[in-house]
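**Q** This is the content of entry_31.csv (CSV, N, CA and C atoms):
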```csv
chain,number,residue,atom,x,y,z
A,1,MET,N,85.2,44.9,22.6
A,1,MET,CA,85.3,46.3,22.7
A,1,MET,C,86.6,46.8,22.1
A,2,GLN,N,86.5,47.9,21.3
A,2,GLN,CA,87.7,48.4,20.7
A,2,GLN,C,88.4,49.4,21.7
A,3,THR,N,89.7,49.6,21.5
A,3,THR,CA,90.4,50.5,22.3
A,3,THR,C,91.1,51.6,21.5
A,4,LEU,N,91.4,52.7,22.1
A,4,LEU,CA,92.1,53.8,21.4
A,4,LEU,C,93.3,54.2,22.3
A,5,SER,N,94.4,54.3,21.7
A,5,SER,CA,95.6,54.7,22.4
A,5,SER,C,96.0,56.1,22.0
A,6,ILE,N,96.2,57.0,23.0
A,6,ILE,CA,96.6,58.3,22.7
A,6,ILE,C,98.0,58.6,23.3
A,7,PRO,N,99.0,58.7,22.6
A,7,PRO,CA,100.3,59.0,23.2
A,7,PRO,C,100.4,60.4,23.8
A,8,TYR,N,101.0,60.5,24.9
A,8,TYR,CA,101.3,61.8,25.5
A,8,TYR,C,102.6,61.7,26.3
A,9,SER,N,103.3,62.9,26.5
A,9,SER,CA,104.6,62.9,27.1
A,9,SER,C,104.4,63.1,28.6
A,10,ASP,N,105.4,62.8,29.4
A,10,ASP,CA,105.4,63.0,30.8
A,10,ASP,C,105.2,64.5,31.2
A,11,ASP,N,105.6,65.3,30.2
A,11,ASP,CA,105.5,66.8,30.4
A,11,ASP,C,104.0,67.1,30.6
A,12,LEU,N,103.1,66.4,30.0
A,12,LEU,CA,101.7,66.7,30.1
A,12,LEU,C,101.2,66.4,31.5
A,13,LEU,N,101.7,65.3,32.1
A,13,LEU,CA,101.4,65.0,33.4
A,13,LEU,C,101.9,66.0,34.4
A,14,ILE,N,103.1,66.5,34.2
A,14,ILE,CA,103.7,67.5,35.0
A,14,ILE,C,102.9,68.8,34.9
A,15,SER,N,102.6,69.2,33.7
A,15,SER,CA,102.0,70.5,33.5
A,15,SER,C,100.5,70.6,34.0
A,16,THR,N,99.8,69.4,34.0
A,16,THR,CA,98.5,69.4,34.5
A,16,THR,C,98.4,69.1,36.0
A,17,GLY,N,99.5,68.5,36.5
A,17,GLY,CA,99.5,68.2,37.9
A,17,GLY,C,98.6,67.1,38.3
A,18,LYS,N,98.2,66.3,37.3
A,18,LYS,CA,97.3,65.2,37.5
A,18,LYS,C,98.0,63.9,37.5
A,19,SER,N,97.4,62.9,38.1
A,19,SER,CA,98.0,61.5,38.1
A,19,SER,C,97.7,61.0,36.7
A,20,LYS,N,98.4,59.9,36.3
A,20,LYS,CA,98.2,59.3,35.0
A,20,LYS,C,96.7,58.9,34.8
A,21,LYS,N,96.2,58.3,35.9
A,21,LYS,CA,94.8,57.8,35.8
A,21,LYS,C,93.8,59.0,35.7
A,22,ALA,N,94.0,60.0,36.5
A,22,ALA,CA,93.1,61.2,36.5
A,22,ALA,C,93.2,61.9,35.1
A,23,LEU,N,94.4,62.0,34.5
A,23,LEU,CA,94.5,62.7,33.2
A,23,LEU,C,93.8,61.9,32.2
A,24,GLU,N,94.0,60.6,32.2
A,24,GLU,CA,93.4,59.7,31.1
A,24,GLU,C,91.9,59.7,31.3
A,25,GLN,N,91.3,59.8,32.5
A,25,GLN,CA,89.9,59.9,32.7
A,25,GLN,C,89.4,61.2,32.2
A,26,GLU,N,90.1,62.3,32.5
A,26,GLU,CA,89.7,63.6,32.0
A,26,GLU,C,89.7,63.6,30.5
A,27,MET,N,90.7,63.1,29.8
A,27,MET,CA,90.8,63.1,28.4
A,27,MET,C,89.6,62.3,27.8
A,28,LEU,N,89.3,61.2,28.4
A,28,LEU,CA,88.2,60.4,27.9
A,28,LEU,C,86.9,61.1,28.0
A,29,PHE,N,86.7,61.8,29.2
A,29,PHE,CA,85.5,62.6,29.4
A,29,PHE,C,85.4,63.7,28.4
A,30,LEU,N,86.5,64.4,28.1
A,30,LEU,CA,86.5,65.5,27.2
A,30,LEU,C,86.2,65.1,25.8
A,31,LEU,N,86.7,63.9,25.4
A,31,LEU,CA,86.3,63.3,24.1
A,31,LEU,C,84.8,63.0,24.0
A,32,ALA,N,84.3,62.5,25.1
A,32,ALA,CA,82.9,62.2,25.1
A,32,ALA,C,82.0,63.4,25.0
A,33,VAL,N,82.5,64.5,25.7
A,33,VAL,CA,81.7,65.8,25.7
A,33,VAL,C,81.8,66.3,24.3
A,34,LYS,N,82.9,66.3,23.6
A,34,LYS,CA,83.0,66.9,22.3
A,34,LYS,C,82.2,66.1,21.3
A,35,LEU,N,82.2,64.8,21.4
A,35,LEU,CA,81.4,64.0,20.4
A,35,LEU,C,79.9,64.2,20.7
A,36,PHE,N,79.5,64.5,21.9
A,36,PHE,CA,78.1,64.8,22.2
A,36,PHE,C,77.8,66.2,21.6
A,37,GLU,N,78.7,67.2,21.8
A,37,GLU,CA,78.4,68.5,21.3
A,37,GLU,C,78.3,68.5,19.8
A,38,LEU,N,79.0,67.7,19.1
A,38,LEU,CA,79.0,67.6,17.7
A,38,LEU,C,77.8,66.8,17.2
A,39,GLY,N,77.0,66.2,18.1
A,39,GLY,CA,75.9,65.4,17.7
A,39,GLY,C,76.2,64.0,17.2
A,40,ARG,N,77.4,63.6,17.5
A,40,ARG,CA,77.8,62.3,17.0
A,40,ARG,C,77.4,61.2,18.0
A,41,LEU,N,77.3,61.6,19.3
A,41,LEU,CA,76.8,60.6,20.3
A,41,LEU,C,75.6,61.2,21.1
A,42,SER,N,74.7,60.3,21.5
A,42,SER,CA,73.7,60.7,22.4
A,42,SER,C,74.3,61.0,23.7
A,43,VAL,N,73.5,61.6,24.6
A,43,VAL,CA,74.0,61.8,26.0
A,43,VAL,C,74.3,60.5,26.7
A,44,GLY,N,73.4,59.5,26.4
A,44,GLY,CA,73.6,58.2,27.0
A,44,GLY,C,74.9,57.5,26.5
A,45,LYS,N,75.1,57.5,25.2
A,45,LYS,CA,76.3,56.9,24.7
A,45,LYS,C,77.6,57.6,25.1
A,46,ALA,N,77.5,59.0,25.2
A,46,ALA,CA,78.6,59.8,25.6
A,46,ALA,C,79.0,59.4,27.0
A,47,ALA,N,78.0,59.3,27.9
A,47,ALA,CA,78.2,58.9,29.3
A,47,ALA,C,78.8,57.5,29.4
A,48,GLU,N,78.3,56.6,28.6
A,48,GLU,CA,78.8,55.3,28.5
A,48,GLU,C,80.3,55.3,28.1
A,49,LEU,N,80.7,56.1,27.1
A,49,LEU,CA,82.0,56.2,26.6
A,49,LEU,C,83.0,56.5,27.7
A,50,CYS,N,82.6,57.4,28.6
A,50,CYS,CA,83.5,57.9,29.7
A,50,CYS,C,83.2,57.2,31.0
A,51,ASN,N,82.5,56.1,31.0
A,51,ASN,CA,82.2,55.3,32.2
A,51,ASN,C,81.5,56.1,33.3
A,52,MET,N,80.6,56.9,32.9
A,52,MET,CA,79.8,57.6,33.8
A,52,MET,C,78.3,57.2,33.7
A,53,ASN,N,77.5,57.4,34.7
A,53,ASN,CA,76.1,57.2,34.5
A,53,ASN,C,75.6,58.5,33.9
A,54,LYS,N,74.4,58.3,33.3
A,54,LYS,CA,73.8,59.4,32.4
A,54,LYS,C,73.6,60.7,33.2
A,55,ILE,N,73.1,60.5,34.4
A,55,ILE,CA,72.7,61.7,35.3
A,55,ILE,C,74.0,62.5,35.6
A,56,LYS,N,75.1,61.7,36.0
A,56,LYS,CA,76.3,62.4,36.4
A,56,LYS,C,76.9,63.1,35.2
A,57,PHE,N,76.9,62.5,34.0
A,57,PHE,CA,77.4,63.1,32.8
A,57,PHE,C,76.6,64.4,32.5
A,58,MET,N,75.3,64.3,32.6
A,58,MET,CA,74.5,65.5,32.3
A,58,MET,C,74.8,66.6,33.3
A,59,ASP,N,75.0,66.2,34.6
A,59,ASP,CA,75.4,67.2,35.6
A,59,ASP,C,76.7,67.9,35.3
A,60,GLU,N,77.7,67.1,34.8
A,60,GLU,CA,79.0,67.6,34.4
A,60,GLU,C,78.8,68.6,33.2
A,61,LEU,N,78.0,68.2,32.3
A,61,LEU,CA,77.7,69.1,31.1
A,61,LEU,C,77.2,70.4,31.6
A,62,GLY,N,76.3,70.4,32.6
A,62,GLY,CA,75.7,71.6,33.2
A,62,GLY,C,76.8,72.5,33.8
A,63,ARG,N,77.7,71.8,34.5
A,63,ARG,CA,78.8,72.6,35.2
A,63,ARG,C,79.6,73.3,34.1
A,64,MET,N,79.8,72.6,32.9
A,64,MET,CA,80.6,73.2,31.9
A,64,MET,C,79.7,74.2,31.0
A,65,GLU,N,78.5,74.4,31.4
A,65,GLU,CA,77.5,75.2,30.6
A,65,GLU,C,77.3,74.8,29.2
A,66,ILE,N,77.3,73.5,29.1
A,66,ILE,CA,77.0,72.8,27.8
A,66,ILE,C,75.5,72.3,27.8
A,67,PRO,N,74.7,72.8,26.9
A,67,PRO,CA,73.3,72.4,26.9
A,67,PRO,C,73.1,70.9,26.7
A,68,VAL,N,72.3,70.3,27.5
A,68,VAL,CA,72.0,68.9,27.3
A,68,VAL,C,71.0,68.6,26.2
A,69,ILE,N,70.1,69.6,25.9
A,69,ILE,CA,69.2,69.5,24.8
A,69,ILE,C,69.5,70.7,23.9
A,70,ASN,N,69.8,70.3,22.6
A,70,ASN,CA,70.1,71.3,21.6
A,70,ASN,C,69.0,71.2,20.5
A,71,LEU,N,68.1,72.2,20.6
A,71,LEU,CA,67.1,72.3,19.6
A,71,LEU,C,67.3,73.4,18.6
A,72,ASP,N,67.0,73.2,17.3
A,72,ASP,CA,67.1,74.4,16.4
A,72,ASP,C,65.9,75.2,16.5
A,73,ASP,N,65.8,76.3,15.9
A,73,ASP,CA,64.7,77.3,16.0
A,73,ASP,C,63.4,76.7,15.6
A,74,ASP,N,63.3,75.8,14.6
A,74,ASP,CA,62.1,75.2,14.2
A,74,ASP,C,61.6,74.2,15.3
A,75,GLN,N,62.5,73.5,15.9
A,75,GLN,CA,62.1,72.6,16.9
A,75,GLN,C,61.6,73.3,18.1
A,76,ILE,N,62.2,74.4,18.5
A,76,ILE,CA,61.7,75.2,19.6
A,76,ILE,C,60.3,75.7,19.3
A,77,MET,N,60.1,76.2,18.1
A,77,MET,CA,58.8,76.7,17.8
A,77,MET,C,57.7,75.6,17.8
A,78,ASP,N,58.1,74.4,17.4
A,78,ASP,CA,57.2,73.3,17.5
A,78,ASP,C,56.8,72.9,18.9
A,79,GLU,N,57.9,73.0,19.8
A,79,GLU,CA,57.6,72.7,21.2
A,79,GLU,C,56.8,73.7,21.8
A,80,LEU,N,57.0,75.0,21.5
A,80,LEU,CA,56.2,76.1,22.1
A,80,LEU,C,54.7,76.0,21.6
A,81,LYS,N,54.5,75.6,20.4
A,81,LYS,CA,53.1,75.4,19.9
A,81,LYS,C,52.4,74.3,20.6
A,82,ASN,N,53.1,73.3,21.1
A,82,ASN,CA,52.5,72.1,21.7
A,82,ASN,C,52.3,72.4,23.2
A,83,VAL,N,52.7,73.5,23.7
A,83,VAL,CA,52.6,73.8,25.2
A,83,VAL,C,51.2,74.2,25.5
```
Written as structure tokens, how would this file's structure read?
**A**
Amino acid sequence: MQTLSIPYSDDLLISTGKSKKALEQEMLFLLAVKLFELGRLSVGKAAELCNMNKIKFMDELGRMEIPVINLDDDQIMDELKNV
């Protein structure tokens, strides 16, 4: 498994009021969310990246008002035709 190291100052810990572990978990989660939003990771792979199960990750996306399913207009029309 590859690792990524992101340097940050103690000021970041102070300004967020989070512990080192909580801040690093949040940063990893937000990276996974962004990669999912960009379509670079599936919901399952994004959940795996931030060490969450898929259902929990999808629930967190919902709390952030990020759609779990992103269909373009043509895909929506195709789905509606099949209903």
**Q** Just to confirm, what's the straight-line distance from atom CA of Met1 of chain A to atom N of Met58 of chain A in Å (one decimal)?
**A**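 For atom CA of Met1 of chain A relative to atom N of Met58 of chain A, the distance reads 22.8 Å.
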**Q** Just list as an MDAnalysis selection string whatever in chain A DSSP marks as alpha helix (DSSP H).
**A** chainID A and resid 10:16 20:37 43:49 54:63 73:81
**Q** Could you jot down the atom CA of Asn82 of chain A to atom CA of Ile69 of chain A separation for me, Å, one decimal place?
**A**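 These two atoms are separated by 17.2 Å.
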**Q** Find the spatial neighbours of Lys45 of chain A, counting only C-alpha atoms, within a cut-off of 12 Å - ignore same-chain residues fewer than 2 positions away - and output them as a list of chain:residue names.
**A**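 These residues fall inside the cut-off: A:Phe29, A:Leu31, A:Ala32, A:Val33, A:Leu35, A:Phe36, A:Gly39, A:Arg40, A:Leu41, A:Ser42, A:Val43, A:Ala47, A:Glu48, A:Leu49, A:Cys50, A:Asn51, A:Met52, A:Asn53, A:Lys54, A:Phe57, A:Met58.
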**Q** Which neighbours of Asp10 of chain A fall inside 12 Å, counting only C-alpha atoms, when residues of the same chain fewer than 5 positions from it are skipped, and could you give them as a short mmCIF file (atom, residue, chain, number, x, y, z; two decimals) with N, CA and C atoms, in the frame of the given file?
**A**
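Below you can see out31.cif, which holds the result:
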```cif
data_model
loop_
_atom_site.label_atom_id
_atom_site.label_comp_id
_atom_site.auth_asym_id
_atom_site.auth_seq_id
_atom_site.Cartn_x
_atom_site.Cartn_y
_atom_site.Cartn_z
N SER A 15 102.60 69.20 33.70
CA SER A 15 102.00 70.50 33.50
C SER A 15 100.50 70.60 34.00
N THR A 16 99.80 69.40 34.00
CA THR A 16 98.50 69.40 34.50
C THR A 16 98.40 69.10 36.00
N GLY A 17 99.50 68.50 36.50
CA GLY A 17 99.50 68.20 37.90
C GLY A 17 98.60 67.10 38.30
N LYS A 18 98.20 66.30 37.30
CA LYS A 18 97.30 65.20 37.50
C LYS A 18 98.00 63.90 37.50
N SER A 19 97.40 62.90 38.10
CA SER A 19 98.00 61.50 38.10
C SER A 19 97.70 61.00 36.70
N LYS A 20 98.40 59.90 36.30
CA LYS A 20 98.20 59.30 35.00
C LYS A 20 96.70 58.90 34.80
N LEU A 23 94.40 62.00 34.50
CA LEU A 23 94.50 62.70 33.20
C LEU A 23 93.80 61.90 32.20
#
```
**Q** At what distance in Å, to one decimal, does atom CA of Glu37 of chain A lie from atom CA of Asp72 of chain A?
**A**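 Spanning atom CA of Asp72 of chain A to atom CA of Glu37 of chain A is a straight-line distance of 13.7 Å.
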**Q** Selecting N, CA and C atoms, how would segment 10-56 of chain A from this structure be written as a tab-separated table (two decimals), in the first residue's frame?
**A**
```tsv
chain	number	residue	atom	x	y	z
A	10	ASP	N	1.28	23.20	13.35
A	10	ASP	CA	0.52	23.08	14.59
A	10	ASP	C	-0.60	24.11	14.63
A	11	ASP	N	-0.44	25.22	13.92
A	11	ASP	CA	-1.48	26.24	13.87
A	11	ASP	C	-2.80	25.67	13.34
A	12	LEU	N	-2.70	24.74	12.41
A	12	LEU	CA	-3.90	24.13	11.84
A	12	LEU	C	-4.65	23.33	12.91
A	13	LEU	N	-3.90	22.63	13.73
A	13	LEU	CA	-4.52	21.89	14.83
A	13	LEU	C	-5.22	22.86	15.79
A	14	ILE	N	-4.55	23.93	16.10
A	14	ILE	CA	-5.11	24.92	17.03
A	14	ILE	C	-6.35	25.56	16.44
A	15	SER	N	-6.27	25.97	15.18
A	15	SER	CA	-7.41	26.69	14.58
A	15	SER	C	-8.63	25.80	14.36
A	16	THR	N	-8.41	24.51	14.14
A	16	THR	CA	-9.55	23.61	13.97
A	16	THR	C	-10.07	23.08	15.30
A	17	GLY	N	-9.23	23.10	16.31
A	17	GLY	CA	-9.63	22.58	17.61
A	17	GLY	C	-9.73	21.06	17.62
A	18	LYS	N	-9.14	20.42	16.65
A	18	LYS	CA	-9.21	18.96	16.55
A	18	LYS	C	-7.90	18.34	17.01
A	19	SER	N	-7.99	17.09	17.42
A	19	SER	CA	-6.78	16.35	17.73
A	19	SER	C	-6.07	16.02	16.42
A	20	LYS	N	-4.82	15.63	16.53
A	20	LYS	CA	-4.05	15.27	15.34
A	20	LYS	C	-4.75	14.14	14.57
A	21	LYS	N	-5.18	13.12	15.30
A	21	LYS	CA	-5.84	11.97	14.66
A	21	LYS	C	-7.15	12.39	13.99
A	22	ALA	N	-7.96	13.20	14.68
A	22	ALA	CA	-9.25	13.64	14.12
A	22	ALA	C	-9.04	14.50	12.88
A	23	LEU	N	-8.06	15.38	12.92
A	23	LEU	CA	-7.79	16.25	11.76
A	23	LEU	C	-7.33	15.42	10.57
A	24	GLU	N	-6.45	14.47	10.80
A	24	GLU	CA	-5.95	13.65	9.71
A	24	GLU	C	-7.06	12.77	9.13
A	25	GLN	N	-7.95	12.25	9.97
A	25	GLN	CA	-9.08	11.47	9.47
A	25	GLN	C	-10.01	12.35	8.63
A	26	GLU	N	-10.25	13.58	9.09
A	26	GLU	CA	-11.11	14.49	8.33
A	26	GLU	C	-10.48	14.85	6.99
A	27	MET	N	-9.18	15.10	6.98
A	27	MET	CA	-8.49	15.44	5.73
A	27	MET	C	-8.57	14.28	4.73
A	28	LEU	N	-8.40	13.06	5.22
A	28	LEU	CA	-8.48	11.88	4.36
A	28	LEU	C	-9.91	11.70	3.83
A	29	PHE	N	-10.89	11.92	4.68
A	29	PHE	CA	-12.29	11.84	4.26
A	29	PHE	C	-12.59	12.88	3.18
A	30	LEU	N	-12.15	14.13	3.40
A	30	LEU	CA	-12.42	15.18	2.43
A	30	LEU	C	-11.72	14.93	1.10
A	31	LEU	N	-10.55	14.33	1.13
A	31	LEU	CA	-9.87	13.94	-0.11
A	31	LEU	C	-10.69	12.89	-0.85
A	32	ALA	N	-11.18	11.91	-0.12
A	32	ALA	CA	-12.00	10.85	-0.73
A	32	ALA	C	-13.27	11.44	-1.33
A	33	VAL	N	-13.91	12.37	-0.61
A	33	VAL	CA	-15.13	13.01	-1.10
A	33	VAL	C	-14.85	13.75	-2.41
A	34	LYS	N	-13.78	14.51	-2.43
A	34	LYS	CA	-13.47	15.30	-3.63
A	34	LYS	C	-13.16	14.40	-4.82
A	35	LEU	N	-12.40	13.34	-4.59
A	35	LEU	CA	-12.09	12.41	-5.69
A	35	LEU	C	-13.36	11.73	-6.19
A	36	PHE	N	-14.29	11.44	-5.29
A	36	PHE	CA	-15.58	10.88	-5.69
A	36	PHE	C	-16.36	11.90	-6.52
A	37	GLU	N	-16.42	13.14	-6.04
A	37	GLU	CA	-17.15	14.20	-6.76
A	37	GLU	C	-16.61	14.40	-8.17
A	38	LEU	N	-15.31	14.30	-8.31
A	38	LEU	CA	-14.68	14.48	-9.62
A	38	LEU	C	-14.83	13.26	-10.52
A	39	GLY	N	-15.37	12.19	-9.98
A	39	GLY	CA	-15.55	10.98	-10.77
A	39	GLY	C	-14.29	10.14	-10.89
A	40	ARG	N	-13.31	10.43	-10.07
A	40	ARG	CA	-12.05	9.69	-10.14
A	40	ARG	C	-12.11	8.40	-9.34
A	41	LEU	N	-13.01	8.35	-8.34
A	41	LEU	CA	-13.19	7.15	-7.54
A	41	LEU	C	-14.67	6.80	-7.47
A	42	SER	N	-14.96	5.52	-7.45
A	42	SER	CA	-16.33	5.07	-7.20
A	42	SER	C	-16.64	5.31	-5.73
A	43	VAL	N	-17.91	5.21	-5.38
A	43	VAL	CA	-18.29	5.41	-3.98
A	43	VAL	C	-17.61	4.36	-3.10
A	44	GLY	N	-17.50	3.14	-3.60
A	44	GLY	CA	-16.85	2.08	-2.82
A	44	GLY	C	-15.37	2.33	-2.61
A	45	LYS	N	-14.68	2.75	-3.66
A	45	LYS	CA	-13.24	3.02	-3.55
A	45	LYS	C	-12.98	4.25	-2.68
A	46	ALA	N	-13.86	5.26	-2.78
A	46	ALA	CA	-13.70	6.46	-1.94
A	46	ALA	C	-13.89	6.09	-0.47
A	47	ALA	N	-14.87	5.25	-0.19
A	47	ALA	CA	-15.11	4.80	1.19
A	47	ALA	C	-13.90	4.03	1.70
A	48	GLU	N	-13.37	3.18	0.85
A	48	GLU	CA	-12.19	2.39	1.21
A	48	GLU	C	-11.00	3.30	1.51
A	49	LEU	N	-10.82	4.34	0.71
A	49	LEU	CA	-9.71	5.27	0.90
A	49	LEU	C	-9.72	5.90	2.28
A	50	CYS	N	-10.91	6.25	2.77
A	50	CYS	CA	-10.98	6.91	4.08
A	50	CYS	C	-11.37	5.94	5.20
A	51	ASN	N	-11.21	4.64	4.94
A	51	ASN	CA	-11.43	3.61	5.96
A	51	ASN	C	-12.84	3.62	6.53
A	52	MET	N	-13.83	3.83	5.67
A	52	MET	CA	-15.23	3.78	6.07
A	52	MET	C	-15.91	2.67	5.31
A	53	ASN	N	-17.01	2.15	5.87
A	53	ASN	CA	-17.77	1.23	5.05
A	53	ASN	C	-18.61	2.06	4.07
A	54	LYS	N	-19.04	1.43	3.02
A	54	LYS	CA	-19.71	2.12	1.92
A	54	LYS	C	-20.99	2.84	2.37
A	55	ILE	N	-21.79	2.19	3.21
A	55	ILE	CA	-23.05	2.79	3.67
A	55	ILE	C	-22.77	4.04	4.50
A	56	LYS	N	-21.80	3.97	5.40
A	56	LYS	CA	-21.44	5.13	6.24
A	56	LYS	C	-20.96	6.28	5.35
```
